[in-house]
$ cat target.cif   # mmCIF, C-alpha atoms
data_protein
#
loop_
_atom_site.label_atom_id
_atom_site.label_comp_id
_atom_site.auth_asym_id
_atom_site.auth_seq_id
_atom_site.Cartn_x
_atom_site.Cartn_y
_atom_site.Cartn_z
CA LEU Q 1 5.87 9.58 -30.69
CA CYS Q 2 8.01 12.31 -32.23
CA THR Q 3 9.68 15.58 -31.34
CA HIS Q 4 7.78 18.85 -31.66
CA GLU Q 5 9.91 20.42 -34.39
CA ASP Q 6 10.03 20.82 -38.16
CA PRO Q 7 10.76 18.30 -39.46
CA PRO Q 8 9.86 16.04 -36.49
CA SER Q 9 12.19 13.25 -35.33
CA GLN Q 10 10.57 9.88 -34.65
CA VAL Q 11 11.04 8.25 -31.22
CA THR Q 12 10.97 4.64 -32.32
CA SER Q 13 11.57 2.95 -28.94
CA ARG Q 14 8.63 4.53 -27.08
CA LEU Q 15 4.90 5.10 -27.45
CA ALA Q 16 2.71 7.87 -26.05
CA VAL Q 17 -0.43 6.63 -24.27
CA VAL Q 18 -3.26 8.96 -25.27
CA ARG Q 19 -6.79 9.44 -23.94
CA GLN Q 20 -9.10 9.51 -26.93
CA ASP Q 21 -11.86 11.20 -24.92
CA ARG Q 22 -9.77 14.37 -24.55
CA PRO Q 23 -9.41 16.90 -27.40
CA ASN Q 24 -6.10 17.74 -29.07
CA GLY Q 25 -4.05 20.05 -26.90
CA HIS Q 26 -5.82 19.08 -23.65
CA PRO Q 27 -3.28 18.91 -20.78
CA GLY Q 28 -4.64 15.51 -19.67
CA ARG Q 29 -4.68 13.92 -23.13
CA VAL Q 30 -1.28 12.17 -22.89
CA LEU Q 31 -1.11 9.93 -19.82
CA GLY Q 32 2.52 8.91 -20.21
CA VAL Q 33 5.21 7.33 -22.34
CA ALA Q 34 5.68 3.55 -22.37
CA HIS Q 35 7.77 0.91 -24.16
CA LYS Q 36 6.64 -0.33 -27.58
CA GLY Q 37 5.25 -3.60 -26.21
CA PHE Q 38 2.91 -1.82 -23.77
CA ARG Q 39 -0.78 -2.65 -24.29
CA PRO Q 40 -3.26 -0.82 -22.01
CA LEU Q 41 -5.75 -2.80 -19.97
CA GLN Q 42 -8.83 -0.61 -20.41
CA ASN Q 43 -10.63 0.43 -17.23
CA ARG Q 44 -13.87 -1.24 -18.32
CA GLU Q 45 -12.18 -4.59 -19.01
CA GLY Q 46 -10.03 -4.47 -15.87
CA ILE Q 47 -13.03 -3.81 -13.63
CA ARG Q 48 -15.09 -6.45 -15.47
CA ILE Q 49 -12.44 -9.08 -14.65
CA PHE Q 50 -12.12 -7.85 -11.06
CA ASP Q 51 -15.88 -7.81 -10.46
CA SER Q 52 -16.43 -11.24 -12.03
CA ILE Q 53 -14.13 -12.74 -9.39
CA PHE Q 54 -14.19 -10.49 -6.32
CA GLY Q 55 -17.57 -8.76 -6.63
CA LYS Q 56 -19.92 -10.87 -8.73
CA GLY Q 57 -22.33 -7.95 -8.84
CA LYS Q 58 -22.60 -7.66 -5.04
CA ARG Q 59 -22.13 -4.47 -3.02
CA VAL Q 60 -18.58 -5.17 -1.89
CA TYR Q 61 -16.74 -2.01 -2.99
CA HIS Q 62 -15.19 0.09 -0.24
CA THR Q 63 -13.54 2.91 -2.16
CA GLY Q 64 -11.69 3.66 -5.37
CA GLY Q 65 -10.04 6.45 -7.26
CA TYR Q 66 -7.51 7.62 -9.78
CA LEU Q 67 -4.35 9.71 -9.84
CA GLY Q 68 -3.54 12.68 -12.05
CA ALA Q 69 -5.43 12.58 -15.34
CA GLY Q 70 -6.33 8.91 -14.91
CA GLU Q 71 -2.89 7.37 -15.44
CA VAL Q 72 -3.37 5.16 -12.34
CA VAL Q 73 -6.74 3.73 -11.24
CA TRP Q 74 -7.53 1.61 -8.20
CA VAL Q 75 -10.48 0.02 -6.37
CA LEU Q 76 -10.84 -1.77 -3.03
CA ALA Q 77 -13.34 -4.65 -2.68
CA GLU Q 78 -14.29 -6.45 0.55
CA LEU Q 79 -13.51 -10.18 0.70
CA PRO Q 80 -15.79 -12.78 2.34
CA LYS Q 81 -13.36 -13.26 5.22
CA ASN Q 82 -13.14 -11.23 8.44
CA ILE Q 83 -10.31 -11.55 10.93
CA LYS Q 84 -11.29 -11.67 14.59
CA VAL Q 85 -8.35 -10.68 16.79
CA THR Q 86 -10.71 -10.35 19.80
CA ASP Q 87 -14.48 -9.91 20.13
CA LYS Q 88 -13.99 -6.13 20.12
CA ASP Q 89 -11.09 -5.95 17.66
CA GLN Q 90 -11.86 -7.14 14.14
CA VAL Q 91 -10.07 -6.66 10.84
CA LYS Q 92 -11.79 -6.75 7.45
CA THR Q 93 -9.98 -8.15 4.43
CA TYR Q 94 -10.06 -6.60 0.97
CA SER Q 95 -8.58 -7.07 -2.46
CA LEU Q 96 -6.90 -3.97 -3.91
CA PHE Q 97 -6.85 -3.75 -7.70
CA THR Q 98 -4.43 -1.24 -9.23
CA ASN Q 99 -3.80 -0.55 -12.90
CA SER Q 100 -1.80 2.08 -14.74
CA HIS Q 101 -2.01 3.49 -18.24
CA ASN Q 102 1.49 4.94 -18.29
CA GLY Q 103 3.58 1.91 -17.35
CA SER Q 104 4.33 3.15 -13.82
CA ILE Q 105 2.49 0.28 -12.09
CA ALA Q 106 1.83 -3.24 -13.36
CA ILE Q 107 -1.61 -4.85 -13.29
CA ASP Q 108 -1.69 -5.45 -9.55
CA PHE Q 109 -3.99 -7.36 -7.15
CA ARG Q 110 -3.10 -7.65 -3.46
CA LEU Q 111 -4.55 -8.64 -0.11
CA THR Q 112 -5.30 -5.58 2.02
CA THR Q 113 -6.68 -5.30 5.56
CA VAL Q 114 -8.61 -2.55 7.35
CA ARG Q 115 -8.85 -2.59 11.15
CA VAL Q 116 -12.46 -1.69 11.98
CA VAL Q 117 -11.92 0.41 15.13
CA CYS Q 118 -9.48 2.82 13.52
CA GLN Q 119 -9.57 2.21 9.74
CA ASN Q 120 -5.83 1.41 9.71
CA THR Q 121 -4.86 -0.12 6.36
CA LEU Q 122 -2.20 -2.68 5.48
CA SER Q 123 -1.50 -3.80 1.91
CA LEU Q 124 0.27 -7.13 1.95
CA ALA Q 125 2.89 -7.65 -0.73
CA LEU Q 126 5.80 -8.54 1.46
CA LYS Q 127 7.54 -10.93 -0.86
CA GLU Q 128 7.39 -11.09 -4.63
CA LYS Q 129 7.32 -14.90 -4.45
CA ASP Q 130 4.29 -14.96 -2.14
CA ASN Q 131 1.58 -15.32 -4.77
CA ARG Q 132 -1.12 -15.73 -2.13
CA THR Q 133 -1.15 -12.04 -1.17
CA PHE Q 134 0.30 -10.43 -4.28
CA PHE Q 135 -0.42 -10.82 -8.00
CA LYS Q 136 1.27 -8.76 -10.69
CA ARG Q 137 1.27 -8.90 -14.50
CA ALA Q 138 2.87 -6.73 -17.15
CA HIS Q 139 0.83 -4.81 -19.73
CA GLN Q 140 1.55 -7.11 -22.67
CA GLY Q 141 -1.95 -7.51 -24.09
CA SER Q 142 -2.57 -11.22 -23.29
CA TYR Q 143 -5.59 -10.45 -21.13
CA GLU Q 144 -7.63 -13.49 -22.13
CA GLU Q 145 -5.64 -15.59 -19.63
CA LEU Q 146 -5.68 -12.92 -16.93
CA GLN Q 147 -9.10 -13.85 -15.53
CA GLN Q 148 -8.16 -17.51 -14.96
CA GLU Q 149 -4.93 -16.48 -13.22
CA VAL Q 150 -6.75 -14.02 -10.94
CA GLU Q 151 -9.38 -16.64 -10.03
CA SER Q 152 -6.61 -18.92 -8.76
CA PHE Q 153 -5.10 -15.99 -6.85
CA PHE Q 154 -8.48 -15.29 -5.19
CA SER Q 155 -8.61 -18.81 -3.74
CA ASP Q 156 -5.06 -18.53 -2.40
CA THR Q 157 -5.79 -15.09 -0.92
CA LEU Q 158 -8.55 -16.46 1.31
CA LYS Q 159 -6.14 -19.10 2.63
CA ALA Q 160 -3.53 -16.41 3.30
CA ALA Q 161 -6.12 -14.43 5.30
CA ASP Q 162 -6.46 -17.41 7.67
CA GLU Q 163 -2.70 -17.34 8.29
CA LEU Q 164 -2.81 -13.59 8.79
CA GLU Q 165 -5.45 -14.00 11.51
CA THR Q 166 -3.08 -16.27 13.42
CA GLN Q 167 -0.24 -13.75 13.07
CA PHE Q 168 -2.39 -10.87 14.34
CA LYS Q 169 -3.51 -12.92 17.36
CA ASN Q 170 0.10 -13.84 18.10
CA MET Q 171 0.98 -10.12 18.00
CA LEU Q 172 -1.72 -9.50 20.62
CA ASP Q 173 -0.31 -12.26 22.82
CA ARG Q 174 3.27 -10.93 22.48
CA LYS Q 175 3.87 -8.59 25.43
CA PHE Q 176 5.88 -5.51 24.47
CA ASP Q 177 7.68 -3.48 27.15
CA ASP Q 178 9.11 0.04 26.83
CA ASN Q 179 12.58 -1.14 25.75
CA LEU Q 180 11.18 -3.33 22.97
CA ILE Q 181 8.90 -0.51 21.83
CA LYS Q 182 11.81 1.93 21.67
CA THR Q 183 13.95 -0.49 19.64
CA TYR Q 184 11.08 -1.31 17.27
CA ILE Q 185 10.31 2.36 16.53
CA GLU Q 186 13.97 3.30 16.11
CA ASN Q 187 14.52 0.43 13.67
CA LEU Q 188 11.52 1.59 11.68
CA PHE Q 189 12.46 5.28 11.78
CA PRO Q 190 16.26 5.38 12.26
CA GLU Q 191 17.90 8.71 13.04
CA PRO Q 192 19.37 10.22 9.83
CA THR Q 193 23.10 10.05 9.29
CA LYS Q 194 24.73 13.47 9.37
CA PRO Q 195 26.06 14.44 5.90
CA ALA Q 196 29.76 15.18 5.60
CA ARG Q 197 29.08 18.73 4.35
CA ALA Q 198 26.66 19.64 7.13
CA ASP Q 199 29.31 21.49 9.14
CA VAL Q 200 30.41 23.66 6.23
CA ASP Q 201 27.17 24.15 4.30
CA SER Q 202 24.28 25.77 6.19
CA ARG Q 203 21.69 24.56 3.67
CA VAL Q 204 22.79 20.93 4.11
CA GLN Q 205 22.85 21.43 7.89
CA ASN Q 206 19.31 22.84 7.92
CA LEU Q 207 17.95 19.96 5.80
CA TYR Q 208 19.67 17.47 8.09
CA GLN Q 209 18.24 19.11 11.22
CA ALA Q 210 14.77 19.08 9.67
CA ARG Q 211 15.05 15.33 9.01
CA VAL Q 212 16.25 14.73 12.58
CA GLN Q 213 13.33 16.74 13.96
CA LYS Q 214 10.82 14.88 11.78
CA THR Q 215 12.21 11.54 12.98
CA LYS Q 216 11.96 12.59 16.63
CA GLU Q 217 8.38 13.73 16.10
CA ALA Q 218 7.52 10.37 14.53
CA HIS Q 219 9.01 8.53 17.53
CA SER Q 220 7.04 10.72 19.94
CA GLN Q 221 3.71 10.47 18.09
CA ILE Q 222 3.88 6.68 17.72
CA SER Q 223 4.75 6.26 21.42
CA ASN Q 224 1.76 8.43 22.30
CA LEU Q 225 -0.60 6.62 19.91
CA ARG Q 226 0.31 3.30 21.51
CA LEU Q 227 -1.23 4.64 24.72
CA THR Q 228 -4.05 6.84 23.40
CA GLY Q 229 -4.71 5.78 19.78
CA LYS Q 230 -7.94 4.31 18.49
CA GLY Q 231 -8.40 0.79 19.80
CA SER Q 232 -5.72 1.15 22.49
CA ASN Q 233 -8.43 0.84 25.17
CA ILE Q 234 -9.31 -2.70 24.08
CA LYS Q 235 -8.16 -5.22 26.68
CA GLY Q 236 -4.59 -6.43 26.11
CA VAL Q 237 -3.82 -4.11 23.15
CA LYS Q 238 -1.88 -1.32 24.85
CA GLU Q 239 0.83 -3.57 26.30
CA SER Q 240 1.19 -5.81 23.23
CA LEU Q 241 3.11 -5.87 19.97
CA TRP Q 242 -0.29 -5.59 18.24
CA GLY Q 243 -0.81 -2.23 19.95
CA THR Q 244 2.58 -0.85 18.90
CA PHE Q 245 2.18 -2.13 15.34
CA ASN Q 246 -1.20 -0.43 15.02
CA ALA Q 247 0.18 2.78 16.52
CA VAL Q 248 2.59 2.82 13.55
CA LEU Q 249 -0.23 2.18 11.06
CA GLU Q 250 -2.39 4.88 12.62
CA PHE Q 251 0.49 7.37 12.49
CA ILE Q 252 1.12 6.68 8.79
CA ASP Q 253 -2.57 6.58 7.79
CA HIS Q 254 -3.92 9.47 9.83
CA HIS Q 255 -1.07 11.70 11.04
CA GLU Q 256 1.91 11.52 8.68
CA LYS Q 257 1.86 14.07 5.87
CA ASN Q 258 3.18 13.27 2.40
CA SER Q 259 3.53 15.27 -0.77
CA GLY Q 260 1.03 13.20 -2.77
CA ASN Q 261 -2.39 11.61 -2.41
CA ASN Q 262 -2.61 10.27 1.16
CA ILE Q 263 -5.05 7.44 0.38
CA ALA Q 264 -3.02 6.24 -2.60
CA SER Q 265 0.26 6.52 -0.69
CA ASN Q 266 -1.10 4.50 2.21
CA LEU Q 267 -2.47 1.77 -0.06
CA PHE Q 268 0.29 1.30 -2.63
CA GLY Q 269 2.82 4.14 -2.33
CA ILE Q 270 5.48 5.26 0.15
CA GLY Q 271 3.16 4.81 3.13
CA ALA Q 272 2.34 1.24 2.10
CA ALA Q 273 6.02 0.35 1.82
CA LEU Q 274 6.71 1.71 5.30
CA LYS Q 275 3.79 -0.26 6.76
CA ARG Q 276 5.04 -3.46 5.12
CA LYS Q 277 8.41 -2.82 6.75
CA ALA Q 278 6.65 -2.39 10.10
CA PHE Q 279 4.81 -5.70 9.59
CA ASP Q 280 8.02 -7.49 8.65
CA LEU Q 281 9.75 -6.14 11.78
CA ALA Q 282 6.80 -7.20 13.92
CA LEU Q 283 6.90 -10.76 12.60
CA GLY Q 284 10.54 -10.92 13.68
CA TYR Q 285 9.40 -10.63 17.31
CA LEU Q 286 7.14 -13.67 16.92
CA GLN Q 287 9.94 -16.08 16.04
#

$ encode --input "target.cif" --output "C-alpha cells"
Amino acid sequence: LCTHEDPPSQVTSRLAVVRQDRPNGHPGRVLGVAHKGFRPLQNREGIRIFDSIFGKGKRVYHTGGYLGAGEVVWVLAELPKNIKVTDKDQVKTYSLFTNSHNGSIAIDFRLTTVRVVCQNTLSLALKEKDNRTFFKRAHQGSYEELQQEVESFFSDTLKAADELETQFKNMLDRKFDDNLIKTYIENLFPEPTKPARADVDSRVQNLYQARVQKTKEAHSQISNLRLTGKGSNIKGVKESLWGTFNAVLEFIDHHEKNSGNNIASNLFGIGAALKRKAFDLALGYLQ
C-alpha cells in the first residue's frame, strides 16, 4: 500500500485487500485496508468448512448475501433442532456464518433463531465467553485448525438450543401486565437526554426533538404489535413476556428503518445488537 503521488510513500503498517477478479481502476477492486498480519479466508474455503459441518451437502441453506463489493459475506443454514414453544408456535434454529475481507468482522459463527409465524430473527452472541452460541476467530491464516474448532462448536450449539427452548417456554409462562410492558420498552428505548445546547441552538433542538419523536413512535408501535402482531393470536402469547419480546423483534425486523442493509443489520448489525439487549432484559424477568 502506498500513496498516490510521485514518488509514492510506502504505508508499511497496512495492506490493501484486493479482488483479483476486478480490473485495475474498478471501484470495487479494493475491499479495504487491514493490518499486516491479516490473511483472507477465501469464500470458497470458508463455505467448504461451513458446509462440511453444518450442511454436509443437504438442502439446509435459508439465505445468504454480501455487503458492498463483497467485503462482508454471510450465509444462514438450518440446524437439525427445532424449538417448540407451543404446538402452534415453533422456532427454527440456524447457524449464521459471517466473514469479512476487509478486517471489519472476524470469522464468525453464531446460533440464530427464526420464529416461524412471523420470521422474527434473533442472533445469539450475548456473552463473549459463551462459546456455545458464539464462535469467533481472527484472520491470521491458520485455517487448518478452524474446521476442528467449528465441529466442536456445532456440538455445543445444539446443546445451547435445548436451553434456549426452556427459556422461550418460561417467557411464555411469565405473565406481563401493562406496567411491566411499559418499563420493559422504556428500558430498551429510553427517552433521549436533552443536550445542553438545545435551548440556544435550533439545529441541536430539532435533532433532539426528532430523536424524542422516534423513541415515542417505537414505544407506540411495539405496544400495538404486542396486541396485533404476527403470532399474537396464539393462546397465551399476548399477555406474556414472550409476546412483548416478539413485538420488539417484529418491530426491529419488519418496521424499523435503518440506513444500511436491513437483513444484514437484523442478523449481525445494529438491529442484532438491539435484539440481544431485548433478550437480555427479558431474561432478567425470569430470575

$ closest_residue --input "target.cif" --among "Q:Ser202, Q:Asn43, Q:Thr244, Q:Asn99" --to "His219 (chain Q)" --atoms "all atoms listed in the file"
Q:Thr244

$ closest_residue --input "target.cif" --among "Q:Asn24, Q:Asn246, Q:Thr166, Q:Asn102" --to "Phe279 (chain Q)" --atoms "all atoms listed in the file"
Q:Asn246

$ resolve_selection --input "target.cif" --expression "the PyMOL selection byres ((chain Q and resi 112-125) around 8)" --output "list in words"
Asp89, Gln90, Val91, Lys92, Thr93, Tyr94, Ser95, Leu96, Arg110, Leu111, Leu126, Lys127, Glu128, Asp130, Thr133, Phe134, Lys230, Gly231, Asn246, Leu249, Glu250, Asp253, Asn266, Leu267, Phe268, Ala272, Lys275 and Arg276 of chain Q

$ write_last_selection --input "target.cif" --atoms "C-alpha atoms" --output "short mmCIF file (atom, residue, chain, number, x, y, z; two decimals), keeping the file's coordinate frame"
data_model
loop_
_atom_site.label_atom_id
_atom_site.label_comp_id
_atom_site.auth_asym_id
_atom_site.auth_seq_id
_atom_site.Cartn_x
_atom_site.Cartn_y
_atom_site.Cartn_z
CA ASP Q 89 -11.09 -5.95 17.66
CA GLN Q 90 -11.86 -7.14 14.14
CA VAL Q 91 -10.07 -6.66 10.84
CA LYS Q 92 -11.79 -6.75 7.45
CA THR Q 93 -9.98 -8.15 4.43
CA TYR Q 94 -10.06 -6.60 0.97
CA SER Q 95 -8.58 -7.07 -2.46
CA LEU Q 96 -6.90 -3.97 -3.91
CA ARG Q 110 -3.10 -7.65 -3.46
CA LEU Q 111 -4.55 -8.64 -0.11
CA LEU Q 126 5.80 -8.54 1.46
CA LYS Q 127 7.54 -10.93 -0.86
CA GLU Q 128 7.39 -11.09 -4.63
CA ASP Q 130 4.29 -14.96 -2.14
CA THR Q 133 -1.15 -12.04 -1.17
CA PHE Q 134 0.30 -10.43 -4.28
CA LYS Q 230 -7.94 4.31 18.49
CA GLY Q 231 -8.40 0.79 19.80
CA ASN Q 246 -1.20 -0.43 15.02
CA LEU Q 249 -0.23 2.18 11.06
CA GLU Q 250 -2.39 4.88 12.62
CA ASP Q 253 -2.57 6.58 7.79
CA ASN Q 266 -1.10 4.50 2.21
CA LEU Q 267 -2.47 1.77 -0.06
CA PHE Q 268 0.29 1.30 -2.63
CA ALA Q 272 2.34 1.24 2.10
CA LYS Q 275 3.79 -0.26 6.76
CA ARG Q 276 5.04 -3.46 5.12
#

$ atom_distance --input "target.cif" --atom1 "CA of Gln209 (chain Q)" --atom2 "CA of Lys194 (chain Q)"
8.8 Å

$ atom_distance --input "target.cif" --atom1 "CA of Leu180 (chain Q)" --atom2 "CA of Glu256 (chain Q)"
22.6 Å

$ resolve_selection --input "target.cif" --expression "the PyMOL selection byres ((chain Q and resi 108) around 9)" --output "PyMOL selection string"
chain Q and resi 96-99+105-107+109-110+134-138

$ write_last_selection --input "target.cif" --atoms "C-alpha atoms" --output "PDB file, in the coordinates of the input"
ATOM      1  CA  LEU Q  96      -6.900  -3.970  -3.910  1.00  0.00           C
ATOM      2  CA  PHE Q  97      -6.850  -3.750  -7.700  1.00  0.00           C
ATOM      3  CA  THR Q  98      -4.430  -1.240  -9.230  1.00  0.00           C
ATOM      4  CA  ASN Q  99      -3.800  -0.550 -12.900  1.00  0.00           C
ATOM      5  CA  ILE Q 105       2.490   0.280 -12.090  1.00  0.00           C
ATOM      6  CA  ALA Q 106       1.830  -3.240 -13.360  1.00  0.00           C
ATOM      7  CA  ILE Q 107      -1.610  -4.850 -13.290  1.00  0.00           C
ATOM      8  CA  PHE Q 109      -3.990  -7.360  -7.150  1.00  0.00           C
ATOM      9  CA  ARG Q 110      -3.100  -7.650  -3.460  1.00  0.00           C
ATOM     10  CA  PHE Q 134       0.300 -10.430  -4.280  1.00  0.00           C
ATOM     11  CA  PHE Q 135      -0.420 -10.820  -8.000  1.00  0.00           C
ATOM     12  CA  LYS Q 136       1.270  -8.760 -10.690  1.00  0.00           C
ATOM     13  CA  ARG Q 137       1.270  -8.900 -14.500  1.00  0.00           C
ATOM     14  CA  ALA Q 138       2.870  -6.730 -17.150  1.00  0.00           C
TER      15      ALA Q 138
END

$ residues_around --input "target.cif" --residues "Leu67 (chain Q)" --least-positions-apart "2" --cutoff "10 Å" --atoms "all atoms listed in the file" --output "short mmCIF file (atom, residue, chain, number, x, y, z; two decimals) with C-alpha atoms, in the frame of the given file"
data_model
loop_
_atom_site.label_atom_id
_atom_site.label_comp_id
_atom_site.auth_asym_id
_atom_site.auth_seq_id
_atom_site.Cartn_x
_atom_site.Cartn_y
_atom_site.Cartn_z
CA GLY Q 65 -10.04 6.45 -7.26
CA ALA Q 69 -5.43 12.58 -15.34
CA GLY Q 70 -6.33 8.91 -14.91
CA GLU Q 71 -2.89 7.37 -15.44
CA VAL Q 72 -3.37 5.16 -12.34
CA VAL Q 73 -6.74 3.73 -11.24
CA TRP Q 74 -7.53 1.61 -8.20
CA SER Q 100 -1.80 2.08 -14.74
CA GLY Q 260 1.03 13.20 -2.77
CA ASN Q 261 -2.39 11.61 -2.41
CA ALA Q 264 -3.02 6.24 -2.60
#

$ resolve_selection --input "target.cif" --expression "the PyMOL selection byres ((chain Q and resi 141) around 12)" --output "list in words"
Lys36, Gly37, Phe38, Arg39, Pro40, Leu41, Gln42, Glu45, Gly46, Ile107, Arg137, Ala138, His139, Gln140, Ser142, Tyr143, Glu144, Glu145 and Leu146 of chain Q

$ axis_aligned_box --input "target.cif" --around "region 275-282 of chain Q" --padding-each-side "4 Å" --output "JSON"
{"center_x": 6.8, "center_y": -3.9, "center_z": 9.5, "size_x": 14.0, "size_y": 15.2, "size_z": 16.8}

$ closest_residue --input "target.cif" --among "Q:Arg44, Q:Val17, Q:Ile181, Q:Ile53" --to "Ser240 (chain Q)" --atoms "only C-alpha atoms"
Q:Ile181

$ residues_around --input "target.cif" --residues "region 188-191 of chain Q" --least-positions-apart "2" --cutoff "12 Å" --atoms "all atoms listed in the file" --output "ChimeraX atom specification"
/Q:181-186,193-194,208-222,244-245,248-249,252,273-282

$ write_last_selection --input "target.cif" --atoms "C-alpha atoms" --output "mmCIF file, keeping the file's coordinate frame"
data_model
loop_
_atom_site.group_PDB
_atom_site.id
_atom_site.type_symbol
_atom_site.label_atom_id
_atom_site.label_comp_id
_atom_site.auth_asym_id
_atom_site.auth_seq_id
_atom_site.Cartn_x
_atom_site.Cartn_y
_atom_site.Cartn_z
ATOM 1 C CA ILE Q 181 8.900 -0.510 21.830
ATOM 2 C CA LYS Q 182 11.810 1.930 21.670
ATOM 3 C CA THR Q 183 13.950 -0.490 19.640
ATOM 4 C CA TYR Q 184 11.080 -1.310 17.270
ATOM 5 C CA ILE Q 185 10.310 2.360 16.530
ATOM 6 C CA GLU Q 186 13.970 3.300 16.110
ATOM 7 C CA THR Q 193 23.100 10.050 9.290
ATOM 8 C CA LYS Q 194 24.730 13.470 9.370
ATOM 9 C CA TYR Q 208 19.670 17.470 8.090
ATOM 10 C CA GLN Q 209 18.240 19.110 11.220
ATOM 11 C CA ALA Q 210 14.770 19.080 9.670
ATOM 12 C CA ARG Q 211 15.050 15.330 9.010
ATOM 13 C CA VAL Q 212 16.250 14.730 12.580
ATOM 14 C CA GLN Q 213 13.330 16.740 13.960
ATOM 15 C CA LYS Q 214 10.820 14.880 11.780
ATOM 16 C CA THR Q 215 12.210 11.540 12.980
ATOM 17 C CA LYS Q 216 11.960 12.590 16.630
ATOM 18 C CA GLU Q 217 8.380 13.730 16.100
ATOM 19 C CA ALA Q 218 7.520 10.370 14.530
ATOM 20 C CA HIS Q 219 9.010 8.530 17.530
ATOM 21 C CA SER Q 220 7.040 10.720 19.940
ATOM 22 C CA GLN Q 221 3.710 10.470 18.090
ATOM 23 C CA ILE Q 222 3.880 6.680 17.720
ATOM 24 C CA THR Q 244 2.580 -0.850 18.900
ATOM 25 C CA PHE Q 245 2.180 -2.130 15.340
ATOM 26 C CA VAL Q 248 2.590 2.820 13.550
ATOM 27 C CA LEU Q 249 -0.230 2.180 11.060
ATOM 28 C CA ILE Q 252 1.120 6.680 8.790
ATOM 29 C CA ALA Q 273 6.020 0.350 1.820
ATOM 30 C CA LEU Q 274 6.710 1.710 5.300
ATOM 31 C CA LYS Q 275 3.790 -0.260 6.760
ATOM 32 C CA ARG Q 276 5.040 -3.460 5.120
ATOM 33 C CA LYS Q 277 8.410 -2.820 6.750
ATOM 34 C CA ALA Q 278 6.650 -2.390 10.100
ATOM 35 C CA PHE Q 279 4.810 -5.700 9.590
ATOM 36 C CA ASP Q 280 8.020 -7.490 8.650
ATOM 37 C CA LEU Q 281 9.750 -6.140 11.780
ATOM 38 C CA ALA Q 282 6.800 -7.200 13.920
#

$ closest_residue --input "target.cif" --among "Q:Glu151, Q:Asn170, Q:Thr86, Q:Ala16" --to "Phe50 (chain Q)" --atoms "only C-alpha atoms"
Q:Glu151

$ residues_around --input "target.cif" --residues "Asn233 (chain Q)" --least-positions-apart "6" --cutoff "10 Å" --atoms "all atoms listed in the file" --output "NGL selection string"
:Q and (226-227 or 243)

$ residues_near_point --input "target.cif" --point "(-12.9, -13.8, 3.0)" --cutoff "7 Å" --atoms "all atoms listed in the file" --output "PyMOL selection string"
chain Q and resi 79-82+93+158

$ atom_distance --input "target.cif" --atom1 "CA of Leu1 (chain Q)" --atom2 "CA of Leu15 (chain Q)"
5.6 Å

$ closest_residue --input "target.cif" --among "Q:Ile270, Q:Val237, Q:Ile47, Q:Val30" --to "Phe168 (chain Q)" --atoms "only C-alpha atoms"
Q:Val237

$ decode --input "target.cif" --residues "region 85-89 of chain Q" --atoms "all heavy atoms" --output "compact mmCIF listing (two decimals), in the first residue's frame"
# COMPACT_ATOMS: atom_id res chain seq x y z
N VAL Q 85 -42.26 -23.94 21.27
CA VAL Q 85 -42.77 -23.16 22.41
C VAL Q 85 -44.17 -23.64 22.75
O VAL Q 85 -44.50 -23.89 23.91
CB VAL Q 85 -42.76 -21.65 22.08
CG1 VAL Q 85 -43.22 -20.84 23.29
CG2 VAL Q 85 -41.36 -21.21 21.65
N THR Q 86 -45.04 -23.76 21.72
CA THR Q 86 -46.34 -24.43 21.83
C THR Q 86 -46.55 -25.18 20.52
O THR Q 86 -45.74 -25.07 19.59
CB THR Q 86 -47.50 -23.44 22.03
OG1 THR Q 86 -47.72 -22.72 20.80
CG2 THR Q 86 -47.21 -22.44 23.15
N ASP Q 87 -47.65 -25.92 20.42
CA ASP Q 87 -47.94 -26.66 19.19
C ASP Q 87 -48.04 -25.71 17.99
O ASP Q 87 -47.68 -26.09 16.86
CB ASP Q 87 -49.24 -27.45 19.33
CG ASP Q 87 -49.08 -28.65 20.25
OD1 ASP Q 87 -47.93 -29.08 20.45
OD2 ASP Q 87 -50.11 -29.14 20.78
N LYS Q 88 -48.52 -24.50 18.22
CA LYS Q 88 -48.73 -23.56 17.12
C LYS Q 88 -47.66 -22.47 17.05
O LYS Q 88 -47.75 -21.55 16.22
CB LYS Q 88 -50.11 -22.89 17.27
CG LYS Q 88 -51.27 -23.87 17.13
CD LYS Q 88 -52.60 -23.15 17.23
CE LYS Q 88 -53.75 -24.13 17.05
NZ LYS Q 88 -55.09 -23.45 17.13
N ASP Q 89 -46.67 -22.56 17.92
CA ASP Q 89 -45.62 -21.52 17.95
C ASP Q 89 -44.26 -22.21 18.02
O ASP Q 89 -43.79 -22.59 19.09
CB ASP Q 89 -45.83 -20.61 19.16
CG ASP Q 89 -45.09 -19.29 19.03
OD1 ASP Q 89 -44.29 -19.13 18.08
OD2 ASP Q 89 -45.31 -18.40 19.88
